[in-house]
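Coordinates from model-v3.txt are shown below (compact mmCIF, C-alpha atoms and all ligand atoms).
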# COMPACT_ATOMS: atom_id res chain seq x y z
CA MET J 21 -22.64 -14.18 -48.72
CA ASP J 22 -20.05 -11.62 -49.80
CA ILE J 23 -17.17 -12.30 -52.18
CA THR J 24 -14.53 -12.25 -49.44
CA ASN J 25 -16.33 -15.07 -47.64
CA ILE J 26 -16.60 -17.14 -50.79
CA ARG J 27 -12.90 -16.62 -51.51
CA ASP J 28 -11.94 -17.45 -47.89
CA ASN J 29 -14.10 -20.60 -47.96
CA ASN J 30 -12.55 -21.73 -51.25
CA ILE J 31 -9.09 -21.27 -49.82
CA LYS J 32 -10.02 -23.24 -46.72
CA ASP J 33 -11.42 -26.07 -48.87
CA ILE J 34 -8.14 -26.16 -50.83
CA LEU J 35 -6.04 -26.20 -47.64
CA ASN J 36 -8.24 -28.92 -46.14
CA SER J 37 -7.69 -31.07 -49.23
CA LEU J 38 -3.92 -30.76 -48.76
CA ARG J 39 -3.64 -31.05 -44.99
CA PHE J 40 -2.17 -34.36 -43.73
CA ASN J 41 -0.99 -35.46 -47.17
CA MET J 42 2.08 -35.23 -49.36
CA GLY J 43 0.56 -32.93 -51.96
CA LEU J 44 -1.75 -32.98 -54.97
CA THR J 45 -1.78 -31.52 -58.45
CA LYS J 46 -4.08 -28.57 -59.14
CA LYS J 47 -6.33 -30.90 -61.08
CA ASP J 48 -6.53 -33.33 -58.12
CA ILE J 49 -7.42 -30.44 -55.84
CA ALA J 50 -10.14 -29.27 -58.22
CA ASP J 51 -11.57 -32.82 -58.32
CA LYS J 52 -11.41 -33.20 -54.56
CA THR J 53 -12.95 -29.83 -53.68
CA GLY J 54 -15.43 -29.52 -56.55
CA LEU J 55 -13.97 -26.07 -57.38
CA SER J 56 -13.09 -25.07 -60.93
CA PHE J 57 -9.51 -25.49 -62.13
CA SER J 58 -9.09 -21.74 -62.62
CA THR J 59 -10.32 -20.96 -59.06
CA VAL J 60 -7.92 -23.55 -57.66
CA SER J 61 -5.07 -22.29 -59.79
CA SER J 62 -5.42 -18.63 -58.88
CA ALA J 63 -5.94 -19.36 -55.16
CA CYS J 64 -2.87 -21.63 -55.15
CA ASN J 65 -0.79 -18.92 -56.81
CA VAL J 66 -1.73 -16.44 -54.05
CA LEU J 67 -0.89 -18.96 -51.34
CA ILE J 68 2.40 -19.94 -53.00
CA GLU J 69 3.38 -16.29 -53.12
CA LYS J 70 2.65 -15.99 -49.41
CA GLY J 71 4.81 -19.02 -48.65
CA ILE J 72 1.86 -21.04 -47.32
CA MET J 73 2.09 -23.55 -50.16
CA GLN J 74 4.77 -24.65 -52.56
CA GLU J 75 4.85 -26.25 -55.96
CA LYS J 76 7.25 -29.03 -56.90
CA LYS J 77 7.82 -31.11 -60.00
CA VAL J 78 6.99 -34.75 -59.36
CA GLN J 79 9.32 -37.54 -60.47
CA SER J 80 7.49 -39.55 -63.03
CA THR J 81 8.35 -42.42 -65.36
CA ASN J 82 5.88 -41.15 -67.95
CA VAL J 83 7.30 -39.28 -70.89
CA GLY J 84 6.02 -35.78 -71.40
CA ARG J 85 5.32 -32.79 -69.19
CA LEU J 86 6.09 -33.41 -65.52
CA PRO J 87 3.07 -32.89 -63.24
CA ARG J 88 3.52 -30.29 -60.50
CA ASN J 89 2.47 -31.12 -56.99
CA ILE J 90 1.15 -28.50 -54.61
CA THR J 91 1.96 -28.98 -50.94
CA PHE J 92 0.66 -27.06 -47.95
CA ASN J 93 3.48 -26.04 -45.57
CA TYR J 94 1.32 -27.04 -42.63
CA LYS J 95 4.33 -27.73 -40.42
CA GLN J 96 5.18 -24.01 -40.49
CA PHE J 97 2.11 -23.08 -38.47
CA CYS J 98 1.34 -23.96 -34.89
CA SER J 99 -1.02 -23.21 -32.07
CA VAL J 100 -0.60 -23.02 -28.31
CA ALA J 101 -3.07 -25.19 -26.39
CA LEU J 102 -3.67 -24.50 -22.70
CA ASP J 103 -5.73 -26.77 -20.48
CA LEU J 104 -6.70 -24.79 -17.38
CA GLN J 105 -9.40 -27.15 -16.14
CA ASN J 106 -7.45 -28.31 -13.10
CA ARG J 107 -6.78 -26.23 -10.02
CA ASN J 108 -3.15 -25.03 -9.80
CA LEU J 109 -2.18 -26.84 -12.98
CA MET J 110 -1.59 -25.71 -16.52
CA ASP J 111 -1.19 -28.26 -19.28
CA PHE J 112 0.82 -26.47 -21.97
CA THR J 113 1.17 -27.80 -25.52
CA VAL J 114 2.49 -26.37 -28.76
CA ILE J 115 1.27 -28.31 -31.74
CA ASP J 116 1.66 -27.74 -35.49
CA PHE J 117 -1.03 -28.04 -38.16
CA ASN J 118 0.17 -31.57 -38.92
CA ASN J 119 -0.88 -32.40 -35.32
CA ASP J 120 2.76 -32.98 -34.35
CA VAL J 121 3.48 -31.93 -30.80
CA LEU J 122 6.42 -29.52 -30.71
CA TYR J 123 6.34 -29.08 -26.95
CA HIS J 124 4.26 -30.44 -24.09
CA SER J 125 4.63 -29.96 -20.35
CA LEU J 126 2.63 -29.60 -17.14
CA TYR J 127 3.19 -26.54 -14.98
CA ASN J 128 2.26 -25.79 -11.42
CA VAL J 129 0.46 -22.44 -11.41
CA ALA J 130 -0.26 -22.23 -7.69
CA HIS J 131 1.60 -18.89 -7.65
CA CYS J 132 -0.98 -17.38 -10.03
CA PHE J 133 -4.15 -15.77 -8.67
CA SER J 134 -6.03 -14.75 -11.79
CA ALA J 135 -6.53 -15.60 -15.45
CA LYS J 136 -4.19 -12.74 -16.32
CA ASP J 137 -1.39 -14.16 -14.12
CA VAL J 138 -1.72 -17.60 -15.71
CA ILE J 139 -1.77 -16.27 -19.28
CA ASN J 140 1.22 -14.01 -18.65
CA TYR J 141 3.06 -17.02 -17.22
CA ALA J 142 2.12 -19.10 -20.29
CA PHE J 143 3.48 -16.36 -22.54
CA THR J 144 6.81 -16.28 -20.65
CA ILE J 145 7.12 -20.04 -21.20
CA PHE J 146 6.21 -19.66 -24.85
CA LYS J 147 8.82 -16.95 -25.40
CA ASP J 148 11.50 -19.16 -23.79
CA ILE J 149 10.73 -22.31 -25.73
CA SER J 150 10.26 -20.55 -29.06
CA LYS J 151 14.05 -20.04 -29.06
CA TYR J 152 14.51 -23.83 -29.44
CA PRO J 153 15.56 -25.04 -32.92
CA THR J 154 12.26 -26.99 -33.19
CA PHE J 155 10.55 -23.63 -33.60
CA ASP J 156 12.73 -22.32 -36.45
CA ASN J 157 10.42 -21.24 -39.28
CA VAL J 158 7.31 -22.09 -37.25
CA GLN J 159 4.76 -19.37 -36.74
CA CYS J 160 2.17 -19.38 -33.93
CA VAL J 161 -1.15 -18.38 -35.48
CA GLY J 162 -3.51 -18.88 -32.57
CA LEU J 163 -4.13 -19.95 -29.02
CA GLY J 164 -6.83 -22.10 -27.50
CA ILE J 165 -7.82 -22.47 -23.85
CA ALA J 166 -9.94 -25.19 -22.25
CA VAL J 167 -11.61 -23.60 -19.23
CA PRO J 168 -13.23 -24.95 -16.05
CA GLY J 169 -16.82 -23.83 -16.55
CA ILE J 170 -19.02 -22.38 -19.26
CA PHE J 171 -17.55 -19.73 -21.49
CA ASP J 172 -20.20 -17.20 -22.45
CA GLN J 173 -19.19 -16.54 -26.06
CA LYS J 174 -21.41 -13.44 -26.29
CA ALA J 175 -20.19 -11.72 -23.15
CA GLY J 176 -16.68 -13.18 -23.49
CA LYS J 177 -16.63 -14.24 -19.84
CA LEU J 178 -16.29 -17.47 -17.89
CA ILE J 179 -19.29 -18.36 -15.74
CA ASN J 180 -19.95 -21.15 -13.21
CA SER J 181 -16.24 -21.79 -12.89
CA SER J 182 -15.23 -24.61 -10.56
CA ILE J 183 -12.04 -22.61 -9.91
CA SER J 184 -13.20 -19.43 -8.18
CA TYR J 185 -10.36 -17.12 -9.24
CA TYR J 186 -11.27 -17.67 -12.90
CA GLU J 187 -14.94 -16.70 -12.40
CA GLY J 188 -15.93 -13.86 -14.74
CA ALA J 189 -12.51 -13.76 -16.44
CA SER J 190 -12.42 -12.37 -20.01
CA PHE J 191 -10.06 -15.06 -21.29
CA VAL J 192 -10.21 -14.16 -24.99
CA GLU J 193 -9.52 -10.48 -24.43
CA ILE J 194 -6.65 -11.13 -22.01
CA ALA J 195 -5.02 -13.83 -24.13
CA GLU J 196 -5.27 -11.93 -27.41
CA ASP J 197 -3.74 -8.93 -25.73
CA VAL J 198 -0.81 -10.94 -24.29
CA PHE J 199 -0.12 -13.33 -27.19
CA GLY J 200 -1.17 -11.02 -30.04
CA VAL J 201 -2.91 -13.85 -31.95
CA PRO J 202 -6.57 -14.93 -32.10
CA CYS J 203 -7.72 -16.91 -29.08
CA TYR J 204 -10.43 -19.57 -28.83
CA VAL J 205 -11.92 -20.46 -25.44
CA ASP J 206 -14.32 -23.29 -24.73
CA THR J 207 -15.07 -26.23 -22.48
CA GLY J 208 -12.75 -29.21 -22.85
CA SER J 209 -15.38 -31.48 -24.33
CA ASN J 210 -16.31 -29.07 -27.14
CA PHE J 211 -12.65 -29.10 -28.18
CA CYS J 212 -12.58 -32.91 -27.84
CA ALA J 213 -15.67 -33.19 -30.06
CA LEU J 214 -13.89 -31.17 -32.78
CA SER J 215 -10.88 -33.44 -32.41
CA VAL J 216 -12.93 -36.63 -32.89
CA GLN J 217 -14.69 -35.04 -35.88
CA GLN J 218 -11.33 -34.26 -37.50
CA LYS J 219 -10.00 -37.77 -36.83
CA GLU J 220 -13.15 -39.64 -37.83
CA PRO J 221 -14.65 -37.83 -40.84
CA ASN J 222 -17.58 -40.26 -40.90
CA ALA J 223 -18.57 -39.55 -37.30
CA ASN J 224 -21.38 -37.02 -37.70
CA ASN J 225 -23.57 -37.76 -34.69
CA PHE J 226 -21.82 -38.29 -31.41
CA VAL J 227 -21.48 -37.00 -27.86
CA TYR J 228 -18.14 -36.51 -26.10
CA ILE J 229 -18.46 -36.51 -22.32
CA ASN J 230 -15.53 -35.34 -20.26
CA ILE J 231 -15.62 -36.32 -16.59
CA SER J 232 -12.78 -34.77 -14.68
CA SER J 233 -12.39 -31.75 -12.39
CA GLU J 234 -15.09 -30.47 -14.72
CA ILE J 235 -17.99 -32.32 -16.26
CA SER J 236 -18.80 -31.19 -19.75
CA ALA J 237 -20.21 -32.60 -22.94
CA GLY J 238 -19.63 -31.68 -26.56
CA VAL J 239 -22.22 -32.75 -29.09
CA ILE J 240 -21.85 -33.10 -32.84
CA CYS J 241 -25.33 -33.35 -34.28
CA GLN J 242 -25.66 -33.79 -38.06
CA ASP J 243 -22.01 -32.72 -38.41
CA LYS J 244 -22.41 -29.47 -36.44
CA LEU J 245 -21.21 -28.63 -32.95
CA VAL J 246 -24.21 -27.77 -30.75
CA THR J 247 -23.57 -24.40 -29.08
CA GLY J 248 -26.83 -22.64 -28.22
CA GLN J 249 -27.30 -18.87 -28.36
CA SER J 250 -24.45 -17.80 -26.07
CA GLY J 251 -22.34 -20.92 -25.93
CA HIS J 252 -24.13 -22.12 -22.78
CA ALA J 253 -25.43 -25.34 -24.28
CA LEU J 254 -24.68 -28.64 -22.59
CA ARG J 255 -24.19 -27.33 -19.07
CA VAL J 256 -24.27 -30.94 -18.03
CA ALA J 257 -22.43 -30.47 -14.72
CA HIS J 258 -25.61 -28.91 -13.33
CA LEU J 259 -28.17 -31.39 -14.59
CA PRO J 260 -30.32 -32.39 -11.59
CA LEU J 261 -29.30 -36.05 -11.70
CA GLY J 262 -27.48 -36.13 -8.37
CA ASN J 263 -28.50 -36.48 -4.73
CA GLU J 264 -31.26 -33.89 -4.22
CA SER J 265 -30.37 -33.18 -0.60
CA GLU J 266 -26.89 -31.96 -1.46
CA LYS J 267 -26.04 -28.43 -2.45
CA CYS J 268 -23.89 -27.97 -5.54
CA SER J 269 -20.28 -27.49 -4.55
CA ILE J 270 -19.66 -24.90 -7.29
CA SER J 271 -20.18 -21.61 -5.49
CA GLY J 272 -21.81 -19.82 -8.46
CA CYS J 273 -24.59 -22.44 -8.68
CA GLN J 274 -26.63 -22.45 -5.41
CA ASN J 275 -28.77 -25.39 -6.56
CA TYR J 276 -29.28 -28.82 -5.05
CA GLY J 277 -28.83 -32.21 -6.70
CA CYS J 278 -26.33 -31.28 -9.46
CA ILE J 279 -24.57 -34.27 -11.02
CA TYR J 280 -21.29 -32.38 -10.48
CA ASN J 281 -21.42 -33.35 -6.78
CA GLU J 282 -21.45 -37.04 -7.60
CA ILE J 283 -19.08 -37.68 -10.48
CA SER J 284 -16.67 -34.76 -10.83
CA LEU J 285 -13.15 -35.57 -9.63
CA LYS J 286 -14.12 -33.99 -6.30
CA GLY J 287 -17.23 -36.15 -6.09
CA MET J 288 -15.39 -39.32 -7.08
CA VAL J 289 -12.61 -38.82 -4.51
CA GLY J 290 -15.03 -37.83 -1.71
CA GLU J 291 -13.36 -38.15 1.66
CA TYR J 292 -10.62 -40.52 0.52
CA LEU J 293 -7.34 -39.48 2.19
CA SER J 294 -8.92 -36.11 3.01
CA GLU J 295 -6.95 -36.04 6.29
CA ASN J 296 -3.74 -35.76 4.24
CA THR J 297 -3.72 -32.06 3.43
CA ASP J 298 -0.41 -32.27 1.53
CA LEU J 299 -1.99 -34.24 -1.27
CA SER J 300 -3.79 -32.53 -4.14
CA LEU J 301 -7.17 -33.83 -5.28
CA LEU J 302 -5.52 -35.43 -8.29
CA ASP J 303 -2.89 -37.19 -6.12
CA ARG J 304 -5.63 -38.51 -3.83
CA TRP J 305 -7.48 -39.83 -6.88
CA LEU J 306 -4.35 -41.58 -8.16
CA GLU J 307 -3.91 -43.22 -4.73
CA MET J 308 -7.55 -44.23 -4.74
CA ILE J 309 -7.22 -45.80 -8.20
CA ARG J 310 -4.29 -47.89 -6.95
CA ASP J 311 -6.44 -49.07 -4.06
CA MET J 312 -9.40 -49.82 -6.37
CA ARG J 313 -7.21 -51.81 -8.74
CA SER J 314 -5.71 -53.81 -5.85
CA TYR J 315 -8.95 -54.46 -3.95
CA PRO J 316 -11.82 -54.00 -6.42
CA GLN J 317 -14.27 -56.06 -4.32
CA LYS J 318 -14.00 -53.46 -1.54
CA TYR J 319 -15.44 -50.92 -3.96
CA ASN J 320 -18.37 -52.89 -5.37
CA ASP J 321 -21.02 -50.52 -4.02
CA TYR J 322 -18.98 -47.52 -5.10
CA PHE J 323 -18.72 -48.77 -8.71
CA LYS J 324 -22.47 -49.45 -8.76
CA GLU J 325 -23.36 -46.03 -7.38
CA LYS J 326 -20.98 -43.96 -9.54
CA GLY J 327 -21.69 -46.10 -12.61
CA LYS J 328 -25.40 -45.45 -12.14
CA TYR J 329 -24.87 -41.68 -12.00
CA ILE J 330 -22.67 -41.73 -15.11
CA GLY J 331 -25.20 -44.03 -16.82
CA ASN J 332 -28.00 -41.56 -16.04
CA LEU J 333 -26.00 -38.70 -17.53
CA ILE J 334 -25.27 -40.73 -20.67
CA ALA J 335 -28.90 -41.87 -20.97
CA THR J 336 -30.15 -38.28 -20.69
CA LEU J 337 -27.89 -37.10 -23.51
CA VAL J 338 -28.65 -40.15 -25.66
CA CYS J 339 -32.40 -39.52 -25.30
CA ILE J 340 -31.98 -35.88 -26.38
CA PHE J 341 -29.40 -36.14 -29.17
CA ASP J 342 -29.73 -39.70 -30.51
CA PRO J 343 -25.98 -40.12 -31.13
CA ALA J 344 -24.39 -43.17 -32.76
CA THR J 345 -21.49 -43.07 -30.32
CA VAL J 346 -20.77 -41.69 -26.87
CA TYR J 347 -17.10 -41.03 -26.18
CA LEU J 348 -16.04 -40.87 -22.56
CA GLY J 349 -12.88 -39.11 -21.50
CA GLY J 350 -11.26 -37.45 -18.49
CA HIS J 351 -9.53 -38.48 -15.26
CA CYS J 352 -12.56 -40.26 -13.82
CA LEU J 353 -12.91 -42.57 -16.79
CA VAL J 354 -9.57 -44.29 -16.21
CA ILE J 355 -11.66 -46.75 -14.20
CA TYR J 356 -14.25 -47.07 -16.98
CA ASP J 357 -13.79 -50.85 -17.10
CA LEU J 358 -14.78 -51.08 -13.43
CA LEU J 359 -17.81 -48.80 -13.86
CA GLU J 360 -18.90 -50.20 -17.22
CA PRO J 361 -21.35 -52.93 -16.03
CA ALA J 362 -23.30 -50.42 -13.92
CA ILE J 363 -23.22 -47.81 -16.69
CA TRP J 364 -24.55 -50.25 -19.32
CA GLU J 365 -27.26 -51.48 -16.96
CA VAL J 366 -28.76 -47.97 -16.86
CA VAL J 367 -28.18 -47.19 -20.54
CA LYS J 368 -29.79 -50.44 -21.71
CA LYS J 369 -32.79 -49.83 -19.49
CA ARG J 370 -33.23 -46.15 -20.38
CA CYS J 371 -32.30 -46.18 -24.07
CA PRO J 372 -33.55 -49.48 -25.53
CA LEU J 373 -34.07 -47.97 -29.00
CA ALA J 374 -30.59 -46.45 -29.24
CA CYS J 375 -29.10 -49.75 -28.02
CA GLN J 376 -31.10 -51.62 -30.65
CA PHE J 377 -29.55 -49.33 -33.28
CA GLY J 378 -26.08 -50.23 -32.02
CA LEU J 379 -25.24 -47.34 -29.68
CA GLN J 380 -21.54 -47.48 -28.82
CA LEU J 381 -19.86 -46.29 -25.62
CA LEU J 382 -16.16 -45.74 -26.23
CA TRP J 383 -13.61 -44.94 -23.58
CA ASP J 384 -11.07 -42.41 -24.87
CA VAL J 385 -7.85 -43.63 -23.23
CA ASP J 386 -5.90 -40.51 -24.13
CA SER J 387 -8.33 -37.67 -23.64
CA ASN J 388 -5.43 -35.27 -23.01
CA GLU J 389 -4.18 -35.82 -26.56
CA THR J 390 -7.75 -35.56 -27.91
CA LEU J 391 -8.07 -32.22 -26.15
CA TYR J 392 -4.96 -30.50 -27.46
CA LYS J 393 -5.60 -31.76 -30.98
CA GLY J 394 -9.12 -30.36 -30.70
CA ILE J 395 -7.77 -26.99 -29.58
CA ASN J 396 -5.42 -27.09 -32.58
CA GLN J 397 -8.38 -27.86 -34.84
CA SER J 398 -10.27 -24.90 -33.43
CA VAL J 399 -7.31 -22.58 -34.15
CA TYR J 400 -6.95 -24.08 -37.64
CA ASN J 401 -10.70 -23.63 -38.34
CA GLY J 402 -10.52 -19.97 -37.33
CA TRP J 403 -7.24 -19.28 -39.13
CA ASN J 404 -7.44 -17.03 -42.17
CA PRO J 405 -4.23 -17.49 -44.17
CA LEU J 406 -4.87 -14.36 -46.22
CA ARG J 407 -4.66 -12.20 -43.12
CA LEU J 408 -1.12 -13.12 -42.15
ZN ZN O 1 -24.72 -26.89 -9.80

Spell out the structure here as structure tokens.
Ligand SMILES: [Zn+2]
Amino acid sequence: MDITNIRDNNIKDILNSLRFNMGLTKKDIADKTGLSFSTVSSACNVLIEKGIMQEKKVQSTNVGRLPRNITFNYKQFCSVALDLQNRNLMDFTVIDFNNDVLYHSLYNVAHCFSAKDVINYAFTIFKDISKYPTFDNVQCVGLGIAVPGIFDQKAGKLINSSISYYEGASFVEIAEDVFGVPCYVDTGSNFCALSVQQKEPNANNFVYINISSEISAGVICQDKLVTGQSGHALRVAHLPLGNESEKCSISGCQNYGCIYNEISLKGMVGEYLSENTDLSLLDRWLEMIRDMRSYPQKYNDYFKEKGKYIGNLIATLVCIFDPATVYLGGHCLVIYDLLEPAIWEVVKKRCPLACQFGLQLLWDVDSNETLYKGINQSVYNGWNPLRL
């Protein structure tokens, strides 16, 4: 490892020790990070000079020299989080390094026909809102995009996209060119996994499954995000757990029996209200949920069937990764309570050992928030404060 890396890692350890708190003395930081006092002191001096940290005398009732507290100005840095996993929609969030949302809104992007159009549109919005007083003294240091498909990290392109006009798009290149800051692109559930890891420091073996327009899974195994050689790991949408006589409805796939057909938003909605062409898939789903909540008995077979498919997906991942917890998020899981009996029936049958060890299935009620916090975490992880 070269010296620059060691220095960068030390600085990141120091910033991590100060993030989400009111400040520490240099000695506290040294204790918390395991670094020497002189390393902490010189790194802090560099960061104070750059305006990333500040030092303040602490009020104390003790007589003698007043201790000085170091604080990280984490509210001065923000990231832009874009969720592009839904057709014609862009979920746009600006969030600071304290995880406070500075701006959040949903935009219709039906007038955009490519990744470039959407990113240019996002930049126009960003330029407009950054004039608001909320953004005074706040610097955007990165951008993250949750994409509908698998992002090949080696080739820098999106593959197997469920939204055809994004297929093959070089999201990172386009976004870095337009925004002029580093860009991180991944599936929604990988971002969500990072978010859970940040929030629950003791969670070091878990799976986050997102079932929405997309189906994706993010796995933290022994504290590390599982990625594979090109970022193609966990292509769960195409696991052959669905009806074998049906062709996958993602045009880039060509296979039969993909689980995507059964439990993606498209699969869950099926033909419900399909005659009403004015309604988007999401609107039809919201109508369907109302109907399911009002007349659940009408949907008994549906809950059993879909619950079984979701249970099979969970059981497959539990058998491979042996997680302590499976988090479930996304539009389709807003009816988790109705699907739960059928899901557990499969999981108990297929994974008796994991159940014996107390496997938990947790429904993430606000997966949207989990996602943009995860994107923020990804930007924060990649941020190098010495290269401002
Ligand atoms: Zn497929």

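Distance annotation: of J:Gly238, J:Pro260, J:Gly290, J:Pro372, the residue with the minimal separation from ligand ZN 1 (chain O) is J:Pro260; atom set is only C-alpha atoms and all ligand atoms.
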
Practice problem: Step by step, measure atom-to-atom distances between ligand ZN 1 (chain O) and each residue using only C-alpha atoms and all ligand atoms, keep those at most 12 Å, then write them as a PyMOL selection string. | Solution: chain J and resi 169-170+179-182+234-235+255-264+266-282+284

Quiz item: Hey, what's within 10 Å of stretch 220-226 of chain J if we count all atoms listed in the file and toss same-chain stuff fewer than 4 positions away? As a PyMOL selection string, please?
Solution: chain J and resi 213-216+238-245+338+341-347+379-380

Using C-alpha atoms, can you export the residues from the last selection as a PDB file, in the coordinates of the input?
ATOM      1  CA  ALA J 213     -15.670 -33.190 -30.060  1.00  0.00           C
ATOM      2  CA  LEU J 214     -13.890 -31.170 -32.780  1.00  0.00           C
ATOM      3  CA  SER J 215     -10.880 -33.440 -32.410  1.00  0.00           C
ATOM      4  CA  VAL J 216     -12.930 -36.630 -32.890  1.00  0.00           C
ATOM      5  CA  GLY J 238     -19.630 -31.680 -26.560  1.00  0.00           C
ATOM      6  CA  VAL J 239     -22.220 -32.750 -29.090  1.00  0.00           C
ATOM      7  CA  ILE J 240     -21.850 -33.100 -32.840  1.00  0.00           C
ATOM      8  CA  CYS J 241     -25.330 -33.350 -34.280  1.00  0.00           C
ATOM      9  CA  GLN J 242     -25.660 -33.790 -38.060  1.00  0.00           C
ATOM     10  CA  ASP J 243     -22.010 -32.720 -38.410  1.00  0.00           C
ATOM     11  CA  LYS J 244     -22.410 -29.470 -36.440  1.00  0.00           C
ATOM     12  CA  LEU J 245     -21.210 -28.630 -32.950  1.00  0.00           C
ATOM     13  CA  VAL J 338     -28.650 -40.150 -25.660  1.00  0.00           C
ATOM     14  CA  PHE J 341     -29.400 -36.140 -29.170  1.00  0.00           C
ATOM     15  CA  ASP J 342     -29.730 -39.700 -30.510  1.00  0.00           C
ATOM     16  CA  PRO J 343     -25.980 -40.120 -31.130  1.00  0.00           C
ATOM     17  CA  ALA J 344     -24.390 -43.170 -32.760  1.00  0.00           C
ATOM     18  CA  THR J 345     -21.490 -43.070 -30.320  1.00  0.00           C
ATOM     19  CA  VAL J 346     -20.770 -41.690 -26.870  1.00  0.00           C
ATOM     20  CA  TYR J 347     -17.100 -41.030 -26.180  1.00  0.00           C
ATOM     21  CA  LEU J 379     -25.240 -47.340 -29.680  1.00  0.00           C
ATOM     22  CA  GLN J 380     -21.540 -47.480 -28.820  1.00  0.00           C
TER      23      GLN J 380
END

Return as CSV the residues of stretch 189-284 of chain J lying at most 9 Å from stretch 124-146 of chain J, together with the closest atom-to-atom pair for each and the distance in Å to one decimal, counting only C-alpha atoms, with rows in chain order and ascending residue number.
residue,atom,partner,partner_atom,distance
J:Ala189,CA,J:Ala135,CA,6.3
J:Ser190,CA,J:Ala135,CA,8.1
J:Phe191,CA,J:Ala135,CA,6.8
J:Ile194,CA,J:Lys136,CA,6.4
J:Ala195,CA,J:Ile139,CA,6.3
J:Val198,CA,J:Asn140,CA,6.7
J:Phe199,CA,J:Phe143,CA,6.6

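As for atom CA of J:Asp206 and atom CA of J:Gly350, they are spaced 15.8 Å apart.
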
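Distance annotation: of J:Asp357, J:Asp298, J:Glu193, J:Asp103, the residue with the minimal separation from J:Ser233 is J:Asp103; atom set is all atoms listed in the file.
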
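Counting from atom CA of J:Tyr186, the distance to atom CA of J:Val167 is 8.7 Å.
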
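Minimum atom-to-atom distances from J:Ala237, J:Ile149, J:Val385, J:Cys98 to J:Tyr400 were compared using all atoms listed in the file, and the lowest value belongs to J:Cys98.
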
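Between atom CA of J:Thr390 and atom CA of J:Lys326 there is a distance of 24.1 Å.
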
Quiz item: With distances taken over only C-alpha atoms, which of J:Leu359, J:Val227, J:Gln249, J:Glu196 is nearest to J:Met288?
Solution: J:Leu359

Cut-off 12 Å: closest stretch 147-255 of chain J/stretch 66-81 of chain J atom pairs per residue, using only C-alpha atoms, as CSV:
residue,atom,partner,partner_atom,distance
J:Asn157,CA,J:Gly71,CA,11.1
J:Val158,CA,J:Ile72,CA,11.5
J:Gln159,CA,J:Ile72,CA,11.1
